[in-house]
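Encoded as structure tokens, the structure appears first; notes follow it.
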There are 2 protein chains.
Amino acid sequence: MMVRRVAILGDGQMGLVMADLLAFPSAELTRDVAVWCPMGGSAGLEKSRSSSRLPDFRLPDAIAVTADAAEALAGADLVVNAIPTQFIRSTMERIRSALPRDAGLLNVAKGLETASRLRPSEILRASVGERRIATLSGPSIAAELARRLPAVFVVASGDAGFAEQCREACSSPWTRVYSSDDLTGVELAGAVKNVIAIAAGMIDGLGLGNNAKSALLARGLAEISRLGVALGAKAETFYGVAGVGDLATTCFSPEGRNRSFGELVGGGRTPEEALAVMSSVVEGVATAAAVVDWARRTGVDMPISAAVGRILAGEISPREAVGGLMGRQGRHERVVT
Amino acid sequence: MMVRRVAILGDGQMGLVMADLLAFPSAELTRDVAVWCPMGGSAGLEKSRSSSRLPDFRLPDAIAVTADAAEALAGADLVVNAIPTQFIRSTMERIRSALPRDAGLLNVAKGLETASRLRPSEILRASVGERRIATLSGPSIAAELARRLPAVFVVASGDAGFAEQCREACSSPWTRVYSSDDLTGVELAGAVKNVIAIAAGMIDGLGLGNNAKSALLARGLAEISRLGVALGAKAETFYGVAGVGDLATTCFSPEGRNRSFGELVGGGRTPEEALAVMSSVVEGVATAAAVVDWARRTGVDMPISAAVGRILAGEISPREAVGGLMGRQGRHERVVT
């Protein structure tokens with residue numbers, strides 16, 4: 001079954017680029033797409049069809065824009081969650097009654113809910129009950145998607161038919177999509193990479209170079225895949241597009257919030273000062289606490305995440321952390337497969 | 001047994017930084033290190049103790065510099081090969097008779113011999129017969145090592161005792177070293193990453209962004225690990241420091257030759273024009289031909305390497321290659337573990 005009518009929840013950067021992607025006509029069909037603006041302001045977006053954070057982007061005229069959730073959701077067979085993770089629960093509770101009964105949910109948010117440590121699909125399930133749910137992930141800097149530059153995604157769902165439906169819907173001349181059955185792995189990879197990205201930013205702030213950052217990427221990947229496997233994910237997910245692909249862009253792209261935050265701390269600011277400089281949420285800070293706690297409970301060795309946790313807690317400096325990691329006894333390299 | 005006397009074959013960038021590393025005194029011992037200059041010029045290096053290609057580097061005074069191979073090799077218990085891969089065979093044949101009988105060989109060159117497609121340790125074995133041989137790899141931009149910035153290596157050998165000896169010798173306050181028994185995997189990873197780096201450079205030259213480059217890194221890693229496994233390597237090596245770590249620095253560091261060559265081709269030069277612009281060998285060009293041939297013989301699907309091969313042969317443009325890769329039918333993501 002093909003997706004014919006899409007409601008996008010959220011008018012942030014990812015909401016807008018997903019609207020542009022899903023409204024792009026294929027040879028077989030044209031989809032109706034509506035964007036819901038959860039905080040109002042729909043008249044402004046409807047008129048300007050642009051975003052101050054996405055240069056050169058223009059929302060196609062055929063896409064409806066509304067502040068009325070019921071209007072956006074009416075008749076939708078696919079509902080895209082582009083609400084940031086910390087606000088998924090409260091937003092879904094607001095609009096739950098307007099969700100069409102058979103609509104599947106495609107989540108594009110990354111991260112963990114701070115209080116509960118739940119992944120986006122788990123929050124969605126807790127908010128709206130049993131439904132077809134998938135998560136789309138991969139290297140996805142919104143400003144590049146807004147320019148329709150090529151991107152490769154993974155869409156994961158426990159429901160193979162729904163994953164395939166989402167895969168087809170999100171494929172376009174500029175996006176290639178793989179399907180996966182490892183929803184846990186894809187969502188964990190999208191969250192825990194932010195902790196490694198903070199560490200990568202610290203390497204930048206300390207001026208330690210690309211050898212150090214690339215080794216950090218490799219050893220960070222090794223520890224987050226160990227944790228993922230302990231939490232029920234598949235190792236291979238971490239070595240794919242949603243794993244190492246997303247990790248690479250998060251560690252190397254200058255614009256990332258988590259990397260930028262780490263760079264400020266590596267450059268000498270305290271974590272509190274650096275958070276004050278950042279204008280928006282730094283997901284990896286809360287994620288680091290969750291990761292350190294999970295590592296302790298599962299007995300998984302995560303030296304890089306532990307060091308980030310101690311730096312954020314003010315216990316050690318970034319330079320002391322590097323000294324500690326470099327001074328560990330060498331041994332056979334361990335990688336889970 | 002600890003390494004006490006080291007001969008470095010080659011006075012290029014990697015030869016000089018390995019000399020600096022191995023001469024660094026530990027609490028237990030100070031090693032004698034001699035650098036052999038295969039093309040003469042030892043008087044200049046002995047006096048200047050610097051390299052025009054390594055800003056701020058100074059070769060410590062205690063390190064001997066000589067154009068006489070017998071002098072450099074006399075009494076050495078460890079011989080470091082820092083001769084580029086294409087010149088290993090002819091150089092080793094020149095100096096074979098001066099190699100101390102029990103000295104182990106630690107190779108730091110990467111790549112494949114163009115005519116034979118042999119890996120460095122295989123060329124060494126063919127040139128000097130049965131010996132303890134190890135290869136050191138990982139993200140290792142020489143200019144960063146010259147500044148003693150932190151780096152993490154893997155040293156691989158079929159001889160576990162020799163790997164451990166090299167691991168100990170190459171560990172320092174700025175270098176952390178893992179050991180591995182997968183010599184095939186470590187050497188293959190160090191060679192075939194250059195093909196993916198050429199493709200990464202093309203993405204830069206076409207201005208396609210970091211989403212595309214990071215997805216390329218992930219899918220490139222998937223195909224080179226598939227090939228590696230088919231050729232007898234372990235999958236895990238490709239997901240470690242010598243695999244994805246080296247691949248990341250090669251794809252993202254602006255100074256890399258293979259990435260820079262790809263960027264020229266992506267920007268519109270023909271492969272011949274781009275090779276003429278580059279002042280030195282672009283290893284990935286010959287490696288691409290070997291990889292395409294291995295893929296055909298082993299039946300391994302390597303779409304990115306195949307596209308690089310066709311671009312280098314002048315059959316398609318980089319933009320056509322991107323279109324072809326993005327237009328492939330989506331499916332379940334495959335990663336070997």
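The chains in the structure tokens are called A, B, ... from first to last as shown; in each chain the residues are counted from 1, and the ligands are counted from 1 in the order shown.
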Find the spatial neighbours of Ala242 in chain B, counting only C-alpha atoms, within a cut-off of 8 Å - ignore same-chain residues fewer than 6 positions away - and output them as number ranges by chain. B: 137-139, 153-154, 186, 189-190
What would the file look like if the residues just selected were written as a PDB file, in the first residue's frame with all heavy atoms?
```
ATOM      1  N   SER B 137      49.381   0.201  11.825  1.00  0.00           N
ATOM      2  CA  SER B 137      48.465   1.024  11.042  1.00  0.00           C
ATOM      3  C   SER B 137      47.544   1.805  11.974  1.00  0.00           C
ATOM      4  O   SER B 137      47.685   1.752  13.194  1.00  0.00           O
ATOM      5  CB  SER B 137      47.672   0.136  10.076  1.00  0.00           C
ATOM      6  OG  SER B 137      46.978   0.916   9.129  1.00  0.00           O
ATOM      7  N   GLY B 138      46.596   2.519  11.377  1.00  0.00           N
ATOM      8  CA  GLY B 138      45.693   3.379  12.141  1.00  0.00           C
ATOM      9  C   GLY B 138      45.732   4.784  11.566  1.00  0.00           C
ATOM     10  O   GLY B 138      46.490   5.045  10.639  1.00  0.00           O
ATOM     11  N   PRO B 139      44.912   5.695  12.104  1.00  0.00           N
ATOM     12  CA  PRO B 139      44.922   7.079  11.606  1.00  0.00           C
ATOM     13  C   PRO B 139      46.267   7.713  11.947  1.00  0.00           C
ATOM     14  O   PRO B 139      46.595   7.846  13.123  1.00  0.00           O
ATOM     15  CB  PRO B 139      43.794   7.770  12.381  1.00  0.00           C
ATOM     16  CG  PRO B 139      43.082   6.701  13.160  1.00  0.00           C
ATOM     17  CD  PRO B 139      43.997   5.524  13.240  1.00  0.00           C
ATOM     18  N   PHE B 153      47.235   3.367  17.478  1.00  0.00           N
ATOM     19  CA  PHE B 153      47.629   2.453  16.413  1.00  0.00           C
ATOM     20  C   PHE B 153      47.148   1.040  16.697  1.00  0.00           C
ATOM     21  O   PHE B 153      46.821   0.699  17.830  1.00  0.00           O
ATOM     22  CB  PHE B 153      49.161   2.380  16.307  1.00  0.00           C
ATOM     23  CG  PHE B 153      49.846   3.662  15.951  1.00  0.00           C
ATOM     24  CD1 PHE B 153      50.919   4.122  16.728  1.00  0.00           C
ATOM     25  CD2 PHE B 153      49.463   4.407  14.852  1.00  0.00           C
ATOM     26  CE1 PHE B 153      51.584   5.288  16.394  1.00  0.00           C
ATOM     27  CE2 PHE B 153      50.121   5.578  14.517  1.00  0.00           C
ATOM     28  CZ  PHE B 153      51.185   6.018  15.288  1.00  0.00           C
ATOM     29  N   VAL B 154      47.190   0.224  15.644  1.00  0.00           N
ATOM     30  CA  VAL B 154      47.079  -1.223  15.798  1.00  0.00           C
ATOM     31  C   VAL B 154      48.347  -1.819  15.210  1.00  0.00           C
ATOM     32  O   VAL B 154      48.789  -1.395  14.137  1.00  0.00           O
ATOM     33  CB  VAL B 154      45.861  -1.781  15.046  1.00  0.00           C
ATOM     34  CG1 VAL B 154      45.871  -3.310  15.038  1.00  0.00           C
ATOM     35  CG2 VAL B 154      44.569  -1.285  15.675  1.00  0.00           C
ATOM     36  N   VAL B 186      44.464  -5.848   8.636  1.00  0.00           N
ATOM     37  CA  VAL B 186      45.041  -4.528   8.901  1.00  0.00           C
ATOM     38  C   VAL B 186      45.679  -3.960   7.631  1.00  0.00           C
ATOM     39  O   VAL B 186      45.507  -2.777   7.314  1.00  0.00           O
ATOM     40  CB  VAL B 186      46.058  -4.613  10.068  1.00  0.00           C
ATOM     41  CG1 VAL B 186      46.954  -3.384  10.126  1.00  0.00           C
ATOM     42  CG2 VAL B 186      45.311  -4.784  11.394  1.00  0.00           C
ATOM     43  N   ALA B 189      42.855  -3.176   4.954  1.00  0.00           N
ATOM     44  CA  ALA B 189      42.114  -1.968   5.337  1.00  0.00           C
ATOM     45  C   ALA B 189      42.916  -0.717   4.992  1.00  0.00           C
ATOM     46  O   ALA B 189      42.366   0.269   4.483  1.00  0.00           O
ATOM     47  CB  ALA B 189      41.784  -2.008   6.832  1.00  0.00           C
ATOM     48  N   GLY B 190      44.234  -0.758   5.254  1.00  0.00           N
ATOM     49  CA  GLY B 190      45.091   0.396   4.982  1.00  0.00           C
ATOM     50  C   GLY B 190      45.260   0.698   3.502  1.00  0.00           C
ATOM     51  O   GLY B 190      45.597   1.818   3.116  1.00  0.00           O
TER      52      GLY B 190
END
```
Residue contacts of Asp20 in chain A (10 Å, only C-alpha atoms) excluding same-chain residues fewer than 6 positions away, as an MDAnalysis selection string: chainID A and resid 14 33 57:60 62:63 145:146 148
Quick one: write out the picked residues with N, CA, C and O atoms as a tab-separated table (two decimals), in the first residue's frame?
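To be explicit, this is the file written out as again26.tsv:
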```tsv
chain	number	residue	atom	x	y	z
A	14	MET	N	13.68	19.62	10.66
A	14	MET	CA	13.45	18.27	10.14
A	14	MET	C	12.01	18.13	9.64
A	14	MET	O	11.76	17.40	8.67
A	33	VAL	N	0.48	16.52	1.53
A	33	VAL	CA	1.27	16.68	2.75
A	33	VAL	C	0.81	17.93	3.49
A	33	VAL	O	0.64	18.98	2.88
A	57	PHE	N	15.99	27.39	1.31
A	57	PHE	CA	14.88	26.43	1.31
A	57	PHE	C	13.57	27.15	1.02
A	57	PHE	O	13.32	28.25	1.49
A	58	ARG	N	12.72	26.48	0.22
A	58	ARG	CA	11.37	26.99	-0.01
A	58	ARG	C	10.39	25.83	0.08
A	58	ARG	O	10.53	24.83	-0.62
A	59	LEU	N	9.43	25.94	0.97
A	59	LEU	CA	8.42	24.90	1.14
A	59	LEU	C	7.47	24.95	-0.05
A	59	LEU	O	6.83	25.98	-0.30
A	60	PRO	N	7.37	23.85	-0.81
A	60	PRO	CA	6.52	23.88	-2.01
A	60	PRO	C	5.08	24.33	-1.70
A	60	PRO	O	4.54	24.02	-0.63
A	62	ALA	N	2.23	23.39	-2.72
A	62	ALA	CA	1.19	22.38	-2.56
A	62	ALA	C	1.08	21.85	-1.13
A	62	ALA	O	0.10	21.20	-0.78
A	63	ILE	N	2.10	22.14	-0.30
A	63	ILE	CA	2.09	21.62	1.07
A	63	ILE	C	1.23	22.53	1.95
A	63	ILE	O	1.45	23.74	2.00
A	145	LEU	N	19.77	18.59	3.58
A	145	LEU	CA	18.53	18.03	3.03
A	145	LEU	C	17.67	19.13	2.42
A	145	LEU	O	17.00	18.91	1.40
A	146	ALA	N	17.70	20.32	3.03
A	146	ALA	CA	16.90	21.44	2.52
A	146	ALA	C	17.35	21.82	1.11
A	146	ALA	O	16.55	22.31	0.31
A	148	ARG	N	18.33	19.64	-0.96
A	148	ARG	CA	18.15	18.39	-1.71
A	148	ARG	C	19.48	17.77	-2.13
A	148	ARG	O	19.60	17.17	-3.21
```
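Close contacts of Leu247 in chain B, defined as residues with an atom at most 6 Å away when counting only C-alpha atoms, with chain neighbours fewer than 3 positions off set aside, comprise Lys193, Val244 and Thr250 of chain B.
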Spatial neighbours of Met202 in chain A, max dist 12 Å, only C-alpha atoms, sep filter under 3 positions, as a PDB file with C-alpha atoms, in the first residue's frame:
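Final output, result06.pdb:
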```pdb
ATOM      1  CA  VAL A 195      28.122  11.478  23.721  1.00  0.00           C
ATOM      2  CA  ILE A 196      30.985  10.536  21.395  1.00  0.00           C
ATOM      3  CA  ALA A 197      30.378  13.762  19.443  1.00  0.00           C
ATOM      4  CA  ILE A 198      30.864  15.788  22.643  1.00  0.00           C
ATOM      5  CA  ALA A 199      34.210  14.013  23.117  1.00  0.00           C
ATOM      6  CA  GLY A 205      38.816  22.393  21.361  1.00  0.00           C
ATOM      7  CA  LEU A 206      42.115  21.012  22.638  1.00  0.00           C
ATOM      8  CA  GLY A 207      43.576  21.167  19.110  1.00  0.00           C
ATOM      9  CA  LEU A 208      44.615  17.514  19.123  1.00  0.00           C
ATOM     10  CA  GLY A 209      44.056  16.827  15.415  1.00  0.00           C
ATOM     11  CA  ALA A 212      43.077  11.592  17.645  1.00  0.00           C
ATOM     12  CA  LYS A 213      39.531  12.356  16.517  1.00  0.00           C
ATOM     13  CA  LEU A 216      38.125   8.375  19.112  1.00  0.00           C
ATOM     14  CA  CYS A 251      31.883  14.170  14.866  1.00  0.00           C
ATOM     15  CA  ASN A 258      26.976  18.346  20.538  1.00  0.00           C
ATOM     16  CA  ARG A 259      30.364  18.678  18.832  1.00  0.00           C
ATOM     17  CA  SER A 260      30.255  22.486  19.222  1.00  0.00           C
ATOM     18  CA  PHE A 261      29.440  22.177  22.924  1.00  0.00           C
ATOM     19  CA  GLY A 262      32.381  19.793  23.372  1.00  0.00           C
ATOM     20  CA  GLU A 263      34.659  22.189  21.519  1.00  0.00           C
ATOM     21  CA  LEU A 264      33.772  24.994  23.942  1.00  0.00           C
ATOM     22  CA  VAL A 265      34.537  22.742  26.926  1.00  0.00           C
ATOM     23  CA  GLY A 266      37.765  21.508  25.300  1.00  0.00           C
ATOM     24  CA  GLY A 267      38.711  25.154  24.746  1.00  0.00           C
ATOM     25  CA  GLY A 268      38.494  25.919  28.448  1.00  0.00           C
ATOM     26  CA  ARG A 269      34.874  26.782  29.309  1.00  0.00           C
ATOM     27  CA  THR A 270      33.178  24.927  32.135  1.00  0.00           C
ATOM     28  CA  PRO A 271      30.260  22.724  31.051  1.00  0.00           C
ATOM     29  CA  ALA A 274      29.358  26.181  27.479  1.00  0.00           C
ATOM     30  CA  ILE A 304      35.154   7.375  26.584  1.00  0.00           C
ATOM     31  CA  ALA A 307      35.326  10.266  30.797  1.00  0.00           C
ATOM     32  CA  VAL A 308      32.687  12.552  29.217  1.00  0.00           C
ATOM     33  CA  ILE A 311      34.106  16.032  32.674  1.00  0.00           C
ATOM     34  CA  LEU A 312      30.431  17.100  32.652  1.00  0.00           C
ATOM     35  CA  SER A 317      39.345  18.392  32.849  1.00  0.00           C
ATOM     36  CA  PRO A 318      39.260  17.356  29.180  1.00  0.00           C
ATOM     37  CA  ARG A 319      43.066  17.261  29.171  1.00  0.00           C
ATOM     38  CA  GLU A 320      43.143  14.953  32.184  1.00  0.00           C
ATOM     39  CA  ALA A 321      40.599  12.725  30.442  1.00  0.00           C
ATOM     40  CA  VAL A 322      42.789  12.441  27.331  1.00  0.00           C
TER      41      VAL A 322
END
```
Could you give me, as a list in words, the residues within 12 Å of Ala290 in chain B, counting only C-alpha atoms and dropping anything in the same chain fewer than 3 positions from it?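 Listed by chain and then number, they are Gly111, Leu112, Glu113, Thr114, Ala115, Ser116, Arg117, Leu118, Arg119, Leu188, Ala191, Val192, Asn194, Val195, Leu227, Glu283, Gly284, Val285, Ala286, Thr287, Asp293, Trp294, Ala295, Arg296, Arg297, Ser305, Ala306, Val308 and Gly309 of chain B.
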Pick from B:Ala82, B:Ser253, B:Val291, B:Arg219 nearest to Leu325 in chain B, counting only C-alpha atoms: B:Arg219
Near Ile141 in chain A, within 8 Å and counting only C-alpha atoms, which residues show up once chain neighbours fewer than 3 positions away are dropped, as a PyMOL selection string? (chain A and resi 144-145) or (chain B and resi 210-211)
Rounded to one decimal, what separation in Å do you get between CA of Glu46 in chain B and CA of Ala67 in chain B?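 These two atoms are separated by 10.4 Å.
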Per DSSP on the backbone, what are the strand (DSSP E or B) residues of range 16-249 of chain A, as a short mmCIF file (atom, residue, chain, number, x, y, z; two decimals) with N, CA, C and O atoms, in the first residue's frame?
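File produced: result_11.cif:
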```cif
data_model
loop_
_atom_site.label_atom_id
_atom_site.label_comp_id
_atom_site.auth_asym_id
_atom_site.auth_seq_id
_atom_site.Cartn_x
_atom_site.Cartn_y
_atom_site.Cartn_z
N ASP A 32 -0.51 14.13 -0.75
CA ASP A 32 -0.92 15.33 -0.03
C ASP A 32 -0.13 15.39 1.27
O ASP A 32 -0.08 14.40 2.01
N VAL A 33 0.48 16.52 1.53
CA VAL A 33 1.27 16.68 2.75
C VAL A 33 0.81 17.93 3.49
O VAL A 33 0.64 18.98 2.88
N ALA A 34 0.61 17.77 4.80
CA ALA A 34 0.26 18.92 5.65
C ALA A 34 1.25 19.01 6.80
O ALA A 34 1.60 17.99 7.41
N VAL A 35 1.71 20.23 7.08
CA VAL A 35 2.62 20.47 8.20
C VAL A 35 1.84 21.10 9.34
O VAL A 35 1.15 22.11 9.15
N TRP A 36 1.94 20.48 10.52
CA TRP A 36 1.28 21.05 11.71
C TRP A 36 2.31 21.85 12.52
O TRP A 36 3.38 21.34 12.85
N SER A 51 12.51 29.30 6.07
CA SER A 51 12.96 29.19 7.46
C SER A 51 14.26 29.95 7.60
O SER A 51 15.15 29.83 6.75
N LEU A 54 17.22 27.64 7.48
CA LEU A 54 17.49 26.82 6.28
C LEU A 54 17.64 27.73 5.05
O LEU A 54 16.67 27.92 4.30
N ALA A 64 0.24 21.92 2.62
CA ALA A 64 -0.63 22.68 3.52
C ALA A 64 0.11 22.98 4.82
O ALA A 64 0.96 22.19 5.26
N VAL A 65 -0.19 24.13 5.42
CA VAL A 65 0.43 24.53 6.69
C VAL A 65 -0.70 24.93 7.62
O VAL A 65 -1.55 25.74 7.25
N THR A 66 -0.72 24.36 8.82
CA THR A 66 -1.82 24.69 9.73
C THR A 66 -1.39 24.57 11.18
O THR A 66 -0.50 23.78 11.52
N LEU A 78 -0.05 8.33 6.90
CA LEU A 78 1.27 8.34 7.54
C LEU A 78 1.42 9.63 8.35
O LEU A 78 1.17 10.73 7.84
N VAL A 79 1.84 9.49 9.62
CA VAL A 79 2.07 10.64 10.49
C VAL A 79 3.55 10.66 10.84
O VAL A 79 4.08 9.67 11.37
N VAL A 80 4.23 11.75 10.48
CA VAL A 80 5.67 11.86 10.72
C VAL A 80 5.90 12.64 12.01
O VAL A 80 5.45 13.79 12.12
N ASN A 81 6.59 12.03 12.98
CA ASN A 81 6.91 12.78 14.19
C ASN A 81 8.22 13.52 14.02
O ASN A 81 9.29 12.92 13.97
N GLY A 104 0.04 4.95 10.37
CA GLY A 104 1.31 4.53 10.94
C GLY A 104 2.12 5.76 11.35
O GLY A 104 1.91 6.85 10.82
N LEU A 105 3.04 5.57 12.30
CA LEU A 105 3.87 6.68 12.78
C LEU A 105 5.31 6.50 12.33
O LEU A 105 5.92 5.46 12.60
N LEU A 106 5.85 7.50 11.67
CA LEU A 106 7.26 7.48 11.29
C LEU A 106 7.98 8.56 12.08
O LEU A 106 7.73 9.76 11.89
N ASN A 107 8.87 8.14 12.97
CA ASN A 107 9.58 9.08 13.82
C ASN A 107 10.90 9.50 13.18
O ASN A 107 11.64 8.66 12.67
N ILE A 133 4.90 1.57 14.06
CA ILE A 133 5.86 2.64 14.35
C ILE A 133 7.19 2.31 13.67
O ILE A 133 7.64 1.16 13.71
N ALA A 134 7.79 3.30 13.04
CA ALA A 134 9.12 3.16 12.45
C ALA A 134 9.95 4.39 12.82
O ALA A 134 9.39 5.44 13.17
N THR A 135 11.27 4.25 12.75
CA THR A 135 12.14 5.41 12.95
C THR A 135 13.10 5.51 11.78
O THR A 135 13.67 4.51 11.34
N LEU A 136 13.23 6.73 11.27
CA LEU A 136 14.16 7.02 10.18
C LEU A 136 15.40 7.69 10.77
O LEU A 136 15.29 8.60 11.59
N SER A 137 16.58 7.21 10.37
CA SER A 137 17.82 7.80 10.90
C SER A 137 18.91 7.76 9.84
O SER A 137 18.66 7.36 8.70
N ALA A 151 21.35 12.08 0.33
CA ALA A 151 21.42 11.52 1.69
C ALA A 151 20.95 10.07 1.64
O ALA A 151 20.16 9.69 0.78
N VAL A 152 21.49 9.28 2.57
CA VAL A 152 21.11 7.87 2.67
C VAL A 152 20.57 7.65 4.09
O VAL A 152 21.20 8.06 5.06
N PHE A 153 19.40 7.04 4.17
CA PHE A 153 18.75 6.80 5.46
C PHE A 153 18.58 5.31 5.72
O PHE A 153 18.64 4.50 4.80
N VAL A 154 18.30 5.00 6.98
CA VAL A 154 17.79 3.68 7.35
C VAL A 154 16.43 3.91 8.00
O VAL A 154 16.29 4.82 8.82
N VAL A 155 15.44 3.10 7.63
CA VAL A 155 14.16 3.16 8.33
C VAL A 155 13.94 1.80 8.98
O VAL A 155 14.03 0.76 8.32
N ALA A 156 13.72 1.83 10.30
CA ALA A 156 13.64 0.59 11.07
C ALA A 156 12.28 0.44 11.71
O ALA A 156 11.71 1.41 12.21
N SER A 172 13.63 9.11 -2.97
CA SER A 172 13.45 10.21 -3.93
C SER A 172 14.72 10.31 -4.75
O SER A 172 15.68 9.58 -4.49
N THR A 175 17.34 10.96 -2.09
CA THR A 175 17.42 10.15 -0.88
C THR A 175 17.30 8.67 -1.22
O THR A 175 16.42 8.26 -1.97
N ARG A 176 18.20 7.89 -0.66
CA ARG A 176 18.19 6.44 -0.83
C ARG A 176 17.94 5.86 0.56
O ARG A 176 18.53 6.32 1.55
N VAL A 177 17.08 4.87 0.68
CA VAL A 177 16.66 4.40 2.00
C VAL A 177 16.82 2.89 2.10
O VAL A 177 16.35 2.14 1.24
N TYR A 178 17.50 2.47 3.17
CA TYR A 178 17.57 1.05 3.50
C TYR A 178 16.53 0.74 4.57
O TYR A 178 16.19 1.61 5.38
N SER A 179 16.05 -0.49 4.59
CA SER A 179 15.16 -0.89 5.68
C SER A 179 15.93 -1.75 6.67
O SER A 179 16.98 -2.32 6.36
N SER A 180 15.41 -1.81 7.90
CA SER A 180 16.04 -2.56 8.99
C SER A 180 14.96 -3.04 9.93
O SER A 180 13.90 -2.41 10.05
#
```
Skip Val3 in chain B itself and residues of its chain fewer than 4 positions away, then list as a PDB file with C-alpha atoms, in the first residue's frame all residues within 10 Å of it, counting only C-alpha atoms.
```pdb
ATOM      1  CA  LEU B  22      61.019   4.854  19.081  1.00  0.00           C
ATOM      2  CA  LEU B  29      65.260   1.979  28.792  1.00  0.00           C
ATOM      3  CA  THR B  30      66.639   4.283  26.153  1.00  0.00           C
ATOM      4  CA  ARG B  31      66.764   2.843  22.626  1.00  0.00           C
ATOM      5  CA  ASP B  32      69.423   3.514  20.021  1.00  0.00           C
ATOM      6  CA  ALA B  76      69.450  -3.717  15.215  1.00  0.00           C
ATOM      7  CA  ASP B  77      66.887  -5.977  16.865  1.00  0.00           C
ATOM      8  CA  LEU B  78      63.984  -4.113  15.214  1.00  0.00           C
ATOM      9  CA  ALA B 103      65.901  -8.724  13.620  1.00  0.00           C
ATOM     10  CA  GLY B 104      62.122  -8.492  13.358  1.00  0.00           C
ATOM     11  CA  GLN B 165      57.091  -6.509  21.476  1.00  0.00           C
ATOM     12  CA  CYS B 166      56.202  -3.944  18.797  1.00  0.00           C
ATOM     13  CA  GLU B 168      55.421  -2.065  23.776  1.00  0.00           C
ATOM     14  CA  ALA B 169      58.089  -0.361  21.642  1.00  0.00           C
ATOM     15  CA  CYS B 170      55.592   1.956  19.886  1.00  0.00           C
TER      16      CYS B 170
END
```
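Ranking B:Gly232, B:Gly220, B:Gly129, B:Gly201 by their shortest atom-to-atom distance to chain A, with only C-alpha atoms included, puts B:Gly220 first.
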Coordinates-based distance that separates CA of Gly330 in chain A from CA of Phe162 in chain B (Å, one decimal): 14.6 Å
